[in-house]
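Engineer: For reference, this is run-v6.cif, and it has mmCIF, C-alpha atoms; chains and numbers go by the auth columns.
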```cif
data_target
loop_
_atom_site.group_PDB
_atom_site.id
_atom_site.type_symbol
_atom_site.label_atom_id
_atom_site.label_comp_id
_atom_site.label_asym_id
_atom_site.label_seq_id
_atom_site.Cartn_x
_atom_site.Cartn_y
_atom_site.Cartn_z
_atom_site.B_iso_or_equiv
_atom_site.auth_seq_id
_atom_site.auth_asym_id
ATOM 1 C CA MET A 1 -9.581 30.114 102.519 0.00 335 A
ATOM 2 C CA ALA A 2 -10.622 27.744 105.240 0.00 336 A
ATOM 3 C CA GLU A 3 -14.140 28.986 105.854 0.00 337 A
ATOM 4 C CA PRO A 4 -16.652 31.421 104.428 0.00 338 A
ATOM 5 C CA ALA A 5 -15.391 34.981 104.355 0.00 339 A
ATOM 6 C CA PHE A 6 -17.550 36.501 107.068 0.00 340 A
ATOM 7 C CA THR A 7 -15.044 39.270 107.526 0.00 341 A
ATOM 8 C CA ASP A 8 -17.116 40.852 110.275 0.00 342 A
ATOM 9 C CA PRO A 9 -20.362 39.998 112.104 0.00 343 A
ATOM 10 C CA THR A 10 -22.452 42.135 109.726 0.00 344 A
ATOM 11 C CA THR A 11 -21.102 40.568 106.525 0.00 345 A
ATOM 12 C CA LEU A 12 -23.833 38.833 104.534 0.00 346 A
ATOM 13 C CA LEU A 13 -23.048 36.078 102.053 0.00 347 A
ATOM 14 C CA PRO A 14 -25.524 34.573 99.585 0.00 348 A
ATOM 15 C CA ALA A 15 -26.631 31.013 100.295 0.00 349 A
ATOM 16 C CA VAL A 16 -28.351 28.852 97.708 0.00 350 A
ATOM 17 C CA ALA A 17 -30.609 26.076 98.957 0.00 351 A
ATOM 18 C CA GLN A 18 -30.747 23.138 96.590 0.00 352 A
ATOM 19 C CA ASP A 19 -32.949 20.078 96.947 0.00 353 A
ATOM 20 C CA ALA A 20 -30.469 17.285 97.667 0.00 354 A
ATOM 21 C CA ALA A 21 -32.582 14.649 95.960 0.00 355 A
ATOM 22 C CA SER A 22 -33.827 16.408 92.822 0.00 356 A
ATOM 23 C CA GLY A 23 -31.118 19.037 92.365 0.00 357 A
ATOM 24 C CA GLN A 24 -33.768 21.776 92.055 0.00 358 A
ATOM 25 C CA VAL A 25 -32.597 25.201 93.197 0.00 359 A
ATOM 26 C CA LEU A 26 -35.131 26.120 95.879 0.00 360 A
ATOM 27 C CA MET A 27 -34.193 29.621 96.984 0.00 361 A
ATOM 28 C CA LEU A 28 -31.454 32.144 97.524 0.00 362 A
ATOM 29 C CA ALA A 29 -31.124 33.913 100.837 0.00 363 A
ATOM 30 C CA TYR A 30 -28.366 35.465 102.926 0.00 364 A
ATOM 31 C CA MET A 31 -26.384 34.374 105.948 0.00 365 A
ATOM 32 C CA ASN A 32 -24.357 36.251 108.481 0.00 366 A
ATOM 33 C CA ARG A 33 -21.782 34.422 110.556 0.00 367 A
ATOM 34 C CA GLU A 34 -24.285 33.680 113.318 0.00 368 A
ATOM 35 C CA ALA A 35 -26.783 32.147 110.869 0.00 369 A
ATOM 36 C CA TYR A 36 -24.036 30.078 109.267 0.00 370 A
ATOM 37 C CA GLU A 37 -22.777 28.757 112.598 0.00 371 A
ATOM 38 C CA GLU A 38 -26.271 27.928 113.824 0.00 372 A
ATOM 39 C CA THR A 39 -26.932 26.098 110.544 0.00 373 A
ATOM 40 C CA LEU A 40 -23.818 23.964 111.000 0.00 374 A
ATOM 41 C CA ARG A 41 -24.614 23.314 114.669 0.00 375 A
ATOM 42 C CA THR A 42 -28.295 22.419 114.263 0.00 376 A
ATOM 43 C CA GLY A 43 -28.378 20.898 110.777 0.00 377 A
ATOM 44 C CA ARG A 44 -31.327 23.161 109.921 0.00 378 A
ATOM 45 C CA ALA A 45 -31.077 26.102 107.541 0.00 379 A
ATOM 46 C CA VAL A 46 -30.911 29.467 109.288 0.00 380 A
ATOM 47 C CA TYR A 47 -30.655 32.663 107.280 0.00 381 A
ATOM 48 C CA TYR A 48 -30.438 36.345 108.036 0.00 382 A
ATOM 49 C CA SER A 49 -33.551 38.179 106.901 0.00 383 A
ATOM 50 C CA ARG A 50 -32.615 41.513 105.391 0.00 384 A
ATOM 51 C CA SER A 51 -36.216 42.735 105.645 0.00 385 A
ATOM 52 C CA LYS A 52 -36.749 41.626 109.257 0.00 386 A
ATOM 53 C CA GLN A 53 -33.126 42.377 110.193 0.00 387 A
ATOM 54 C CA ARG A 54 -32.846 39.291 112.351 0.00 388 A
ATOM 55 C CA LEU A 55 -32.045 35.588 112.146 0.00 389 A
ATOM 56 C CA TRP A 56 -34.637 33.711 110.178 0.00 390 A
ATOM 57 C CA ARG A 57 -34.959 30.041 111.059 0.00 391 A
ATOM 58 C CA LYS A 58 -36.383 28.700 107.823 0.00 392 A
ATOM 59 C CA GLY A 59 -39.802 27.192 108.541 0.00 393 A
ATOM 60 C CA GLU A 60 -40.251 29.005 111.859 0.00 394 A
ATOM 61 C CA GLN A 61 -43.726 30.104 110.738 0.00 395 A
ATOM 62 C CA SER A 62 -44.653 27.653 107.984 0.00 396 A
ATOM 63 C CA GLY A 63 -43.065 24.556 109.487 0.00 397 A
ATOM 64 C CA ASN A 64 -41.280 24.035 106.173 0.00 398 A
ATOM 65 C CA GLU A 65 -37.833 23.581 107.616 0.00 399 A
ATOM 66 C CA GLN A 66 -34.785 22.619 105.582 0.00 400 A
ATOM 67 C CA LEU A 67 -32.678 19.719 106.870 0.00 401 A
ATOM 68 C CA VAL A 68 -29.141 20.309 105.723 0.00 402 A
ATOM 69 C CA GLU A 69 -27.372 17.318 104.205 0.00 403 A
ATOM 70 C CA GLN A 70 -24.298 19.053 102.829 0.00 404 A
ATOM 71 C CA VAL A 71 -22.724 22.507 102.955 0.00 405 A
ATOM 72 C CA LEU A 72 -20.504 23.600 100.068 0.00 406 A
ATOM 73 C CA ILE A 73 -18.492 26.783 99.671 0.00 407 A
ATOM 74 C CA ASP A 74 -17.133 28.273 96.502 0.00 408 A
ATOM 75 C CA CYS A 75 -13.617 29.026 95.317 0.00 409 A
ATOM 76 C CA ASP A 76 -13.677 32.558 96.727 0.00 410 A
ATOM 77 C CA ALA A 77 -15.383 31.420 99.951 0.00 411 A
ATOM 78 C CA ASP A 78 -17.987 34.116 99.524 0.00 412 A
ATOM 79 C CA ALA A 79 -21.001 32.036 98.501 0.00 413 A
ATOM 80 C CA ILE A 80 -22.593 28.953 100.046 0.00 414 A
ATOM 81 C CA VAL A 81 -24.677 26.057 98.752 0.00 415 A
ATOM 82 C CA LEU A 82 -26.853 24.081 101.134 0.00 416 A
ATOM 83 C CA ARG A 83 -28.018 20.718 99.876 0.00 417 A
ATOM 84 C CA VAL A 84 -31.214 20.155 101.836 0.00 418 A
ATOM 85 C CA LYS A 85 -34.231 18.030 102.408 0.00 419 A
ATOM 86 C CA GLN A 86 -37.162 20.452 102.144 0.00 420 A
ATOM 87 C CA LEU A 87 -39.909 19.633 104.621 0.00 421 A
ATOM 88 C CA GLY A 88 -43.477 20.350 103.544 0.00 422 A
ATOM 89 C CA GLY A 89 -42.475 20.041 99.900 0.00 423 A
ATOM 90 C CA ALA A 90 -42.210 23.799 99.316 0.00 424 A
ATOM 91 C CA ALA A 91 -39.499 26.336 99.998 0.00 425 A
ATOM 92 C CA CYS A 92 -41.404 29.411 98.786 0.00 426 A
ATOM 93 C CA HIS A 93 -43.827 31.510 100.815 0.00 427 A
ATOM 94 C CA THR A 94 -46.042 31.555 97.698 0.00 428 A
ATOM 95 C CA GLY A 95 -46.557 27.810 98.108 0.00 429 A
ATOM 96 C CA HIS A 96 -44.362 26.849 95.175 0.00 430 A
ATOM 97 C CA GLN A 97 -41.743 24.136 95.538 0.00 431 A
ATOM 98 C CA SER A 98 -39.067 26.606 94.521 0.00 432 A
ATOM 99 C CA CYS A 99 -38.910 30.380 94.740 0.00 433 A
ATOM 100 C CA PHE A 100 -37.613 30.198 91.155 0.00 434 A
ATOM 101 C CA TYR A 101 -40.978 29.227 89.685 0.00 435 A
ATOM 102 C CA ARG A 102 -41.026 31.776 86.864 0.00 436 A
ATOM 103 C CA GLU A 103 -39.209 31.614 83.569 0.00 437 A
ATOM 104 C CA VAL A 104 -38.201 34.731 81.649 0.00 438 A
ATOM 105 C CA THR A 105 -39.425 34.464 78.042 0.00 439 A
ATOM 106 C CA ASP A 106 -39.763 36.822 75.090 0.00 440 A
ATOM 107 C CA GLN A 107 -43.443 37.072 75.978 0.00 441 A
ATOM 108 C CA GLY A 108 -42.848 37.903 79.634 0.00 442 A
ATOM 109 C CA LEU A 109 -42.845 35.646 82.668 0.00 443 A
ATOM 110 C CA ARG A 110 -44.216 32.144 82.534 0.00 444 A
ATOM 111 C CA VAL A 111 -44.943 30.042 85.606 0.00 445 A
ATOM 112 C CA VAL A 112 -43.044 26.768 85.344 0.00 446 A
ATOM 113 C CA GLY A 113 -42.956 25.505 88.916 0.00 447 A
ATOM 114 C CA GLU A 114 -45.379 23.468 90.937 0.00 448 A
ATOM 115 C CA ARG A 115 -47.457 24.992 93.699 0.00 449 A
ATOM 116 C CA VAL A 116 -47.792 22.727 96.720 0.00 450 A
ATOM 117 C CA PHE A 117 -49.884 24.774 99.148 0.00 451 A
ATOM 118 C CA ASN A 118 -52.099 27.843 99.355 0.00 452 A
ATOM 119 C CA PRO A 119 -50.224 30.474 101.368 0.00 453 A
ATOM 120 C CA ASP A 120 -53.489 31.673 102.965 0.00 454 A
ATOM 121 C CA ASP A 121 -53.727 28.287 104.689 0.00 455 A
ATOM 122 C CA VAL A 122 -50.278 28.677 106.197 0.00 456 A
ATOM 123 C CA TYR A 123 -49.869 32.363 106.887 0.00 457 A
ATOM 124 C CA GLY A 124 -53.538 33.362 107.143 0.00 458 A
ATOM 125 C CA PRO A 125 -55.431 35.567 104.672 0.00 459 A
ATOM 126 C CA PRO A 126 -53.747 38.727 103.407 0.00 460 A
ATOM 127 C CA GLN A 127 -54.062 41.630 105.832 0.00 461 A
ATOM 128 C CA SER A 128 -56.397 44.388 104.656 0.00 462 A
ATOM 129 C CA MET B 1 -42.922 41.964 89.613 0.00 421 B
ATOM 130 C CA ALA B 2 -42.491 41.546 85.924 0.00 422 B
ATOM 131 C CA GLU B 3 -38.727 41.521 85.697 0.00 423 B
ATOM 132 C CA PRO B 4 -35.691 41.430 87.959 0.00 424 B
ATOM 133 C CA ALA B 5 -35.552 44.344 90.366 0.00 425 B
ATOM 134 C CA PHE B 6 -32.667 46.267 88.877 0.00 426 B
ATOM 135 C CA THR B 7 -33.898 49.411 90.530 0.00 427 B
ATOM 136 C CA ASP B 8 -31.048 51.448 89.070 0.00 428 B
ATOM 137 C CA PRO B 9 -28.145 50.771 86.701 0.00 429 B
ATOM 138 C CA THR B 10 -25.744 50.048 89.587 0.00 430 B
ATOM 139 C CA THR B 11 -27.966 47.484 91.315 0.00 431 B
ATOM 140 C CA LEU B 12 -26.358 44.058 91.434 0.00 432 B
ATOM 141 C CA LEU B 13 -28.413 40.899 91.814 0.00 433 B
ATOM 142 C CA PRO B 14 -27.018 37.428 92.495 0.00 434 B
ATOM 143 C CA ALA B 15 -27.198 34.963 89.623 0.00 435 B
ATOM 144 C CA VAL B 16 -26.754 31.225 90.109 0.00 436 B
ATOM 145 C CA ALA B 17 -25.537 29.199 87.137 0.00 437 B
ATOM 146 C CA GLN B 18 -26.797 25.646 87.187 0.00 438 B
ATOM 147 C CA ASP B 19 -25.851 22.898 84.749 0.00 439 B
ATOM 148 C CA ALA B 20 -29.073 22.295 82.818 0.00 440 B
ATOM 149 C CA ALA B 21 -28.327 18.628 82.261 0.00 441 B
ATOM 150 C CA SER B 22 -26.954 17.491 85.631 0.00 442 B
ATOM 151 C CA GLY B 23 -28.524 20.068 87.949 0.00 443 B
ATOM 152 C CA GLN B 24 -25.128 20.817 89.500 0.00 444 B
ATOM 153 C CA VAL B 25 -24.786 24.354 90.840 0.00 445 B
ATOM 154 C CA LEU B 26 -21.774 25.686 88.974 0.00 446 B
ATOM 155 C CA MET B 27 -21.193 29.175 90.363 0.00 447 B
ATOM 156 C CA LEU B 28 -22.723 32.274 91.836 0.00 448 B
ATOM 157 C CA ALA B 29 -21.946 35.668 90.374 0.00 449 B
ATOM 158 C CA TYR B 30 -23.623 39.035 90.048 0.00 450 B
ATOM 159 C CA MET B 31 -25.453 40.842 87.283 0.00 451 B
ATOM 160 C CA ASN B 32 -26.285 44.457 86.725 0.00 452 B
ATOM 161 C CA ARG B 33 -29.064 45.376 84.319 0.00 453 B
ATOM 162 C CA GLU B 34 -26.662 45.623 81.392 0.00 454 B
ATOM 163 C CA ALA B 35 -25.264 42.138 82.043 0.00 455 B
ATOM 164 C CA TYR B 36 -28.764 40.720 82.387 0.00 456 B
ATOM 165 C CA GLU B 37 -29.958 42.282 79.152 0.00 457 B
ATOM 166 C CA GLU B 38 -26.891 41.169 77.216 0.00 458 B
ATOM 167 C CA THR B 39 -27.382 37.645 78.584 0.00 459 B
ATOM 168 C CA LEU B 40 -30.976 37.567 77.328 0.00 460 B
ATOM 169 C CA ARG B 41 -29.985 39.055 73.979 0.00 461 B
ATOM 170 C CA THR B 42 -27.005 36.822 73.260 0.00 462 B
ATOM 171 C CA GLY B 43 -27.937 33.599 75.047 0.00 463 B
ATOM 172 C CA ARG B 44 -24.521 33.562 76.698 0.00 464 B
ATOM 173 C CA ALA B 45 -23.973 34.291 80.385 0.00 465 B
ATOM 174 C CA VAL B 46 -22.667 37.767 81.090 0.00 466 B
ATOM 175 C CA TYR B 47 -21.993 38.888 84.652 0.00 467 B
ATOM 176 C CA TYR B 48 -20.734 42.010 86.336 0.00 468 B
ATOM 177 C CA SER B 49 -17.346 41.459 87.934 0.00 469 B
ATOM 178 C CA ARG B 50 -17.180 43.226 91.269 0.00 470 B
ATOM 179 C CA SER B 51 -13.389 42.909 91.345 0.00 471 B
ATOM 180 C CA LYS B 52 -12.822 44.121 87.780 0.00 472 B
ATOM 181 C CA GLN B 53 -15.757 46.559 87.968 0.00 473 B
ATOM 182 C CA ARG B 54 -16.857 45.822 84.444 0.00 474 B
ATOM 183 C CA LEU B 55 -18.980 43.391 82.447 0.00 475 B
ATOM 184 C CA TRP B 56 -17.545 39.915 82.483 0.00 476 B
ATOM 185 C CA ARG B 57 -18.478 37.756 79.535 0.00 477 B
ATOM 186 C CA LYS B 58 -18.081 34.318 81.063 0.00 478 B
ATOM 187 C CA GLY B 59 -15.412 32.439 79.131 0.00 479 B
ATOM 188 C CA GLU B 60 -13.904 35.563 77.586 0.00 480 B
ATOM 189 C CA GLN B 61 -10.433 34.384 78.680 0.00 481 B
ATOM 190 C CA SER B 62 -10.838 30.638 79.225 0.00 482 B
ATOM 191 C CA GLY B 63 -13.235 29.957 76.366 0.00 483 B
ATOM 192 C CA ASN B 64 -15.515 28.226 78.863 0.00 484 B
ATOM 193 C CA GLU B 65 -18.671 30.061 77.907 0.00 485 B
ATOM 194 C CA GLN B 66 -22.093 29.263 79.312 0.00 486 B
ATOM 195 C CA LEU B 67 -24.910 28.785 76.809 0.00 487 B
ATOM 196 C CA VAL B 68 -28.125 29.820 78.524 0.00 488 B
ATOM 197 C CA GLU B 69 -31.044 27.441 78.116 0.00 489 B
ATOM 198 C CA GLN B 70 -33.428 28.955 80.672 0.00 490 B
ATOM 199 C CA VAL B 71 -33.586 32.043 82.882 0.00 491 B
ATOM 200 C CA LEU B 72 -35.607 31.862 86.100 0.00 492 B
ATOM 201 C CA ILE B 73 -36.329 34.603 88.623 0.00 493 B
ATOM 202 C CA ASP B 74 -37.450 34.211 92.190 0.00 494 B
ATOM 203 C CA CYS B 75 -40.580 35.324 94.030 0.00 495 B
ATOM 204 C CA ASP B 76 -39.030 38.638 95.065 0.00 496 B
ATOM 205 C CA ALA B 77 -37.467 39.159 91.635 0.00 497 B
ATOM 206 C CA ASP B 78 -34.113 39.835 93.256 0.00 498 B
ATOM 207 C CA ALA B 79 -32.259 36.646 92.389 0.00 499 B
ATOM 208 C CA ILE B 80 -31.710 34.841 89.091 0.00 500 B
ATOM 209 C CA VAL B 81 -31.032 31.256 88.063 0.00 501 B
ATOM 210 C CA LEU B 82 -29.426 30.516 84.710 0.00 502 B
ATOM 211 C CA ARG B 83 -29.767 26.962 83.507 0.00 503 B
ATOM 212 C CA VAL B 84 -26.777 26.577 81.213 0.00 504 B
ATOM 213 C CA LYS B 85 -24.698 24.324 79.062 0.00 505 B
ATOM 214 C CA GLN B 86 -21.164 24.777 80.364 0.00 506 B
ATOM 215 C CA LEU B 87 -18.608 24.710 77.569 0.00 507 B
ATOM 216 C CA GLY B 88 -15.199 23.230 78.363 0.00 508 B
ATOM 217 C CA GLY B 89 -16.709 21.169 81.164 0.00 509 B
ATOM 218 C CA ALA B 90 -15.657 23.540 83.936 0.00 510 B
ATOM 219 C CA ALA B 91 -17.108 26.746 85.326 0.00 511 B
ATOM 220 C CA CYS B 92 -14.399 27.472 87.875 0.00 512 B
ATOM 221 C CA HIS B 93 -11.128 29.293 87.267 0.00 513 B
ATOM 222 C CA THR B 94 -9.471 26.601 89.445 0.00 514 B
ATOM 223 C CA GLY B 95 -10.334 24.027 86.774 0.00 515 B
ATOM 224 C CA HIS B 96 -13.095 22.374 88.763 0.00 516 B
ATOM 225 C CA GLN B 97 -16.458 21.650 87.163 0.00 517 B
ATOM 226 C CA SER B 98 -18.148 23.767 89.818 0.00 518 B
ATOM 227 C CA CYS B 99 -16.881 26.613 91.968 0.00 519 B
ATOM 228 C CA PHE B 100 -18.606 24.765 94.837 0.00 520 B
ATOM 229 C CA TYR B 101 -16.060 21.952 94.933 0.00 521 B
ATOM 230 C CA ARG B 102 -15.429 22.005 98.698 0.00 522 B
ATOM 231 C CA GLU B 103 -17.607 20.564 101.412 0.00 523 B
ATOM 232 C CA VAL B 104 -17.633 21.958 104.946 0.00 524 B
ATOM 233 C CA THR B 105 -17.087 19.118 107.447 0.00 525 B
ATOM 234 C CA ASP B 106 -16.304 18.857 111.144 0.00 526 B
ATOM 235 C CA GLN B 107 -12.706 18.205 110.127 0.00 527 B
ATOM 236 C CA GLY B 108 -12.469 21.225 107.837 0.00 528 B
ATOM 237 C CA LEU B 109 -12.900 21.506 104.093 0.00 529 B
ATOM 238 C CA ARG B 110 -12.937 18.458 101.887 0.00 530 B
ATOM 239 C CA VAL B 111 -12.638 18.584 98.106 0.00 531 B
ATOM 240 C CA VAL B 112 -15.626 16.830 96.574 0.00 532 B
ATOM 241 C CA GLY B 113 -15.699 18.171 93.014 0.00 533 B
ATOM 242 C CA GLU B 114 -13.953 17.059 89.891 0.00 534 B
ATOM 243 C CA ARG B 115 -11.106 19.030 88.388 0.00 535 B
ATOM 244 C CA VAL B 116 -11.227 19.171 84.621 0.00 536 B
ATOM 245 C CA PHE B 117 -8.252 21.323 83.679 0.00 537 B
ATOM 246 C CA ASN B 118 -5.070 22.792 85.095 0.00 538 B
ATOM 247 C CA PRO B 119 -5.533 26.544 85.358 0.00 539 B
ATOM 248 C CA ASP B 120 -1.897 27.168 84.417 0.00 540 B
ATOM 249 C CA ASP B 121 -2.681 25.740 80.985 0.00 541 B
ATOM 250 C CA VAL B 122 -5.519 28.207 80.494 0.00 542 B
ATOM 251 C CA TYR B 123 -4.450 31.370 82.258 0.00 543 B
ATOM 252 C CA GLY B 124 -0.680 30.892 82.174 0.00 544 B
ATOM 253 C CA PRO B 125 1.545 30.254 85.201 0.00 545 B
ATOM 254 C CA PRO B 126 0.974 32.312 88.353 0.00 546 B
ATOM 255 C CA GLN B 127 2.677 35.718 88.220 0.00 547 B
ATOM 256 C CA SER B 128 5.669 36.047 90.535 0.00 548 B
#
```
Translate the structure described by the file into structure tokens.

Structural biologist:
Amino acid sequence: MAEPAFTDPTTLLPAVAQDAASGQVLMLAYMNREAYEETLRTGRAVYYSRSKQRLWRKGEQSGNEQLVEQVLIDCDADAIVLRVKQLGGAACHTGHQSCFYREVTDQGLRVVGERVFNPDDVYGPPQS
Amino acid sequence: MAEPAFTDPTTLLPAVAQDAASGQVLMLAYMNREAYEETLRTGRAVYYSRSKQRLWRKGEQSGNEQLVEQVLIDCDADAIVLRVKQLGGAACHTGHQSCFYREVTDQGLRVVGERVFNPDDVYGPPQS
């Protein structure tokens, strides 16, 4: 297969963002064809937000954009890896470097990842 | 959220296998709750195959099992990272170390990953 299998405009494929320098897996989000094509064209990660039901230009609110250094697709062409430079040092809206900042252990979840910013400073205080 | 959001037994969540030593992203597959729980219990990666519609114990045919060193979940608890030791040196049924062995370039796809085995030797020759 020559390109990701966006069989129709509504097809969503999972995209894994990986820090190109450290190899850390930063997040997993989804792309539709439009998001994928804009990512290739602009060199900045664009996803499709399933909750907002629209294109989500990563960093549009936080400024923490992802500069795409390499795009990889898998054997079945139905999953994508973006090797990125993460601006702002954090991919996660919680302020952690990676959205995968919790380890599953026998005793429950354990925080293992670094927190870089306080989300209240970026997104404002939680709404009451 | 205290554990992955398998809201019902048919829910599938994406799981990214990453080589624990090199950081290479090896593959992306899906888990249902049963696959997730068997993975935690056995320490070997178990997925749910959407094509076979059954549990898929990684390496059941090829022998290339994945020994799970760490399980991470993301902020929304709807995606999983397995940090693994990949037996046999290859995660992909094509014989490549990683399923993400192709880079998207302006000139089309370019193979960037190493091939470790010939799939015909493992799975037998293609069926006519």

Engineer: Over every C-alpha pair, in sequence order, do a least-squares fit of chain A onto chain B and save the fitted chain as a tab-separated table (two decimals) with C-alpha atoms, keeping the file's coordinate frame.

Structural biologist:
```tsv
chain	number	residue	atom	x	y	z
A	335	MET	CA	-42.94	41.94	89.59
A	336	ALA	CA	-42.50	41.55	85.88
A	337	GLU	CA	-38.72	41.51	85.69
A	338	PRO	CA	-35.70	41.42	87.96
A	339	ALA	CA	-35.56	44.34	90.35
A	340	PHE	CA	-32.66	46.27	88.88
A	341	THR	CA	-33.89	49.42	90.54
A	342	ASP	CA	-31.04	51.44	89.08
A	343	PRO	CA	-28.12	50.76	86.70
A	344	THR	CA	-25.73	50.05	89.59
A	345	THR	CA	-27.97	47.49	91.31
A	346	LEU	CA	-26.35	44.05	91.45
A	347	LEU	CA	-28.42	40.90	91.82
A	348	PRO	CA	-27.01	37.42	92.50
A	349	ALA	CA	-27.21	34.95	89.63
A	350	VAL	CA	-26.76	31.22	90.11
A	351	ALA	CA	-25.54	29.20	87.15
A	352	GLN	CA	-26.80	25.65	87.19
A	353	ASP	CA	-25.85	22.91	84.75
A	354	ALA	CA	-29.07	22.29	82.81
A	355	ALA	CA	-28.32	18.63	82.26
A	356	SER	CA	-26.94	17.49	85.63
A	357	GLY	CA	-28.53	20.06	87.94
A	358	GLN	CA	-25.12	20.82	89.51
A	359	VAL	CA	-24.79	24.35	90.85
A	360	LEU	CA	-21.77	25.70	88.99
A	361	MET	CA	-21.20	29.17	90.38
A	362	LEU	CA	-22.72	32.28	91.85
A	363	ALA	CA	-21.94	35.67	90.39
A	364	TYR	CA	-23.63	39.04	90.06
A	365	MET	CA	-25.46	40.85	87.29
A	366	ASN	CA	-26.30	44.45	86.72
A	367	ARG	CA	-29.07	45.38	84.33
A	368	GLU	CA	-26.67	45.62	81.39
A	369	ALA	CA	-25.26	42.14	82.04
A	370	TYR	CA	-28.76	40.72	82.39
A	371	GLU	CA	-29.96	42.28	79.15
A	372	GLU	CA	-26.89	41.16	77.22
A	373	THR	CA	-27.39	37.63	78.58
A	374	LEU	CA	-30.98	37.56	77.34
A	375	ARG	CA	-30.00	39.05	73.97
A	376	THR	CA	-26.99	36.82	73.26
A	377	GLY	CA	-27.94	33.59	75.04
A	378	ARG	CA	-24.50	33.58	76.70
A	379	ALA	CA	-23.97	34.28	80.39
A	380	VAL	CA	-22.65	37.77	81.10
A	381	TYR	CA	-21.98	38.89	84.65
A	382	TYR	CA	-20.72	42.01	86.33
A	383	SER	CA	-17.33	41.46	87.93
A	384	ARG	CA	-17.17	43.23	91.26
A	385	SER	CA	-13.37	42.92	91.34
A	386	LYS	CA	-12.81	44.15	87.77
A	387	GLN	CA	-15.75	46.58	87.97
A	388	ARG	CA	-16.86	45.83	84.44
A	389	LEU	CA	-18.98	43.40	82.45
A	390	TRP	CA	-17.54	39.92	82.50
A	391	ARG	CA	-18.48	37.77	79.53
A	392	LYS	CA	-18.09	34.33	81.06
A	393	GLY	CA	-15.40	32.45	79.13
A	394	GLU	CA	-13.88	35.58	77.58
A	395	GLN	CA	-10.43	34.39	78.67
A	396	SER	CA	-10.84	30.65	79.21
A	397	GLY	CA	-13.24	29.97	76.35
A	398	ASN	CA	-15.51	28.24	78.86
A	399	GLU	CA	-18.66	30.07	77.91
A	400	GLN	CA	-22.09	29.28	79.31
A	401	LEU	CA	-24.93	28.80	76.81
A	402	VAL	CA	-28.12	29.82	78.53
A	403	GLU	CA	-31.05	27.44	78.13
A	404	GLN	CA	-33.42	28.95	80.67
A	405	VAL	CA	-33.58	32.03	82.88
A	406	LEU	CA	-35.61	31.86	86.10
A	407	ILE	CA	-36.34	34.59	88.61
A	408	ASP	CA	-37.46	34.21	92.18
A	409	CYS	CA	-40.58	35.31	94.02
A	410	ASP	CA	-39.04	38.62	95.07
A	411	ALA	CA	-37.46	39.16	91.63
A	412	ASP	CA	-34.13	39.84	93.26
A	413	ALA	CA	-32.25	36.65	92.40
A	414	ILE	CA	-31.72	34.84	89.10
A	415	VAL	CA	-31.03	31.25	88.07
A	416	LEU	CA	-29.44	30.51	84.72
A	417	ARG	CA	-29.77	26.95	83.50
A	418	VAL	CA	-26.78	26.58	81.21
A	419	LYS	CA	-24.71	24.32	79.07
A	420	GLN	CA	-21.15	24.79	80.37
A	421	LEU	CA	-18.60	24.71	77.57
A	422	GLY	CA	-15.19	23.25	78.38
A	423	GLY	CA	-16.71	21.18	81.17
A	424	ALA	CA	-15.65	23.56	83.95
A	425	ALA	CA	-17.12	26.75	85.32
A	426	CYS	CA	-14.40	27.47	87.89
A	427	HIS	CA	-11.13	29.29	87.27
A	428	THR	CA	-9.48	26.61	89.44
A	429	GLY	CA	-10.33	24.04	86.77
A	430	HIS	CA	-13.09	22.38	88.77
A	431	GLN	CA	-16.45	21.66	87.17
A	432	SER	CA	-18.14	23.76	89.83
A	433	CYS	CA	-16.87	26.60	91.98
A	434	PHE	CA	-18.60	24.77	94.84
A	435	TYR	CA	-16.06	21.95	94.95
A	436	ARG	CA	-15.45	22.01	98.71
A	437	GLU	CA	-17.62	20.55	101.42
A	438	VAL	CA	-17.65	21.94	104.96
A	439	THR	CA	-17.10	19.11	107.45
A	440	ASP	CA	-16.31	18.84	111.15
A	441	GLN	CA	-12.71	18.20	110.13
A	442	GLY	CA	-12.47	21.23	107.85
A	443	LEU	CA	-12.91	21.50	104.11
A	444	ARG	CA	-12.95	18.45	101.90
A	445	VAL	CA	-12.65	18.58	98.12
A	446	VAL	CA	-15.63	16.82	96.58
A	447	GLY	CA	-15.71	18.14	93.03
A	448	GLU	CA	-13.96	17.05	89.89
A	449	ARG	CA	-11.12	19.04	88.38
A	450	VAL	CA	-11.25	19.17	84.60
A	451	PHE	CA	-8.25	21.32	83.67
A	452	ASN	CA	-5.05	22.79	85.09
A	453	PRO	CA	-5.55	26.55	85.37
A	454	ASP	CA	-1.89	27.16	84.42
A	455	ASP	CA	-2.69	25.75	80.98
A	456	VAL	CA	-5.52	28.21	80.49
A	457	TYR	CA	-4.45	31.37	82.25
A	458	GLY	CA	-0.67	30.88	82.18
A	459	PRO	CA	1.55	30.23	85.20
A	460	PRO	CA	1.00	32.29	88.34
A	461	GLN	CA	2.68	35.70	88.17
A	462	SER	CA	5.68	36.06	90.47
```

Engineer: For a quick test of understanding: name the residues of chain A lying within 10 Å of chain B when counting all atoms listed in the file, and present them as an MDAnalysis selection string.

Structural biologist: chainID A and resid 335:338 348:350 352 356:363 374 404:416 426:428 430 432:440 442:446

Engineer: Please provide as a list in words all residues within 8 Å of A:Gln431, with the sequence filter that same-chain residues fewer than 3 positions apart are discarded (counting all atoms listed in the file).

Structural biologist: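 That gives Leu360, Gly423, Ala424, Ala425, Cys426, Tyr435, Gly447, Glu448, Arg449 and Val450 of chain A.
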
Engineer: Counting only C-alpha atoms, which of B:Glu485, B:Glu457, B:Asp439, B:Glu480 gets nearest to B:Val504?

Structural biologist: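 The answer is B:Asp439, which sits nearest to B:Val504.
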
Engineer: When you draw a straight line from atom CA of A:Ala369 to atom CA of A:Leu421, how long is it in Å?

Structural biologist: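 Between these atoms lies a distance of 19.2 Å.
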
Engineer: Using the chain letters and numbers from this file, what does the PyMOL selection byres ((chain A and resi 378) around 8) select? Give the answer as a list in words.

Structural biologist: Glu372, Thr373, Leu374, Thr376, Gly377, Ala379, Val380, Arg391, Lys392, Glu399, Gln400, Leu401 and Val402 of chain A
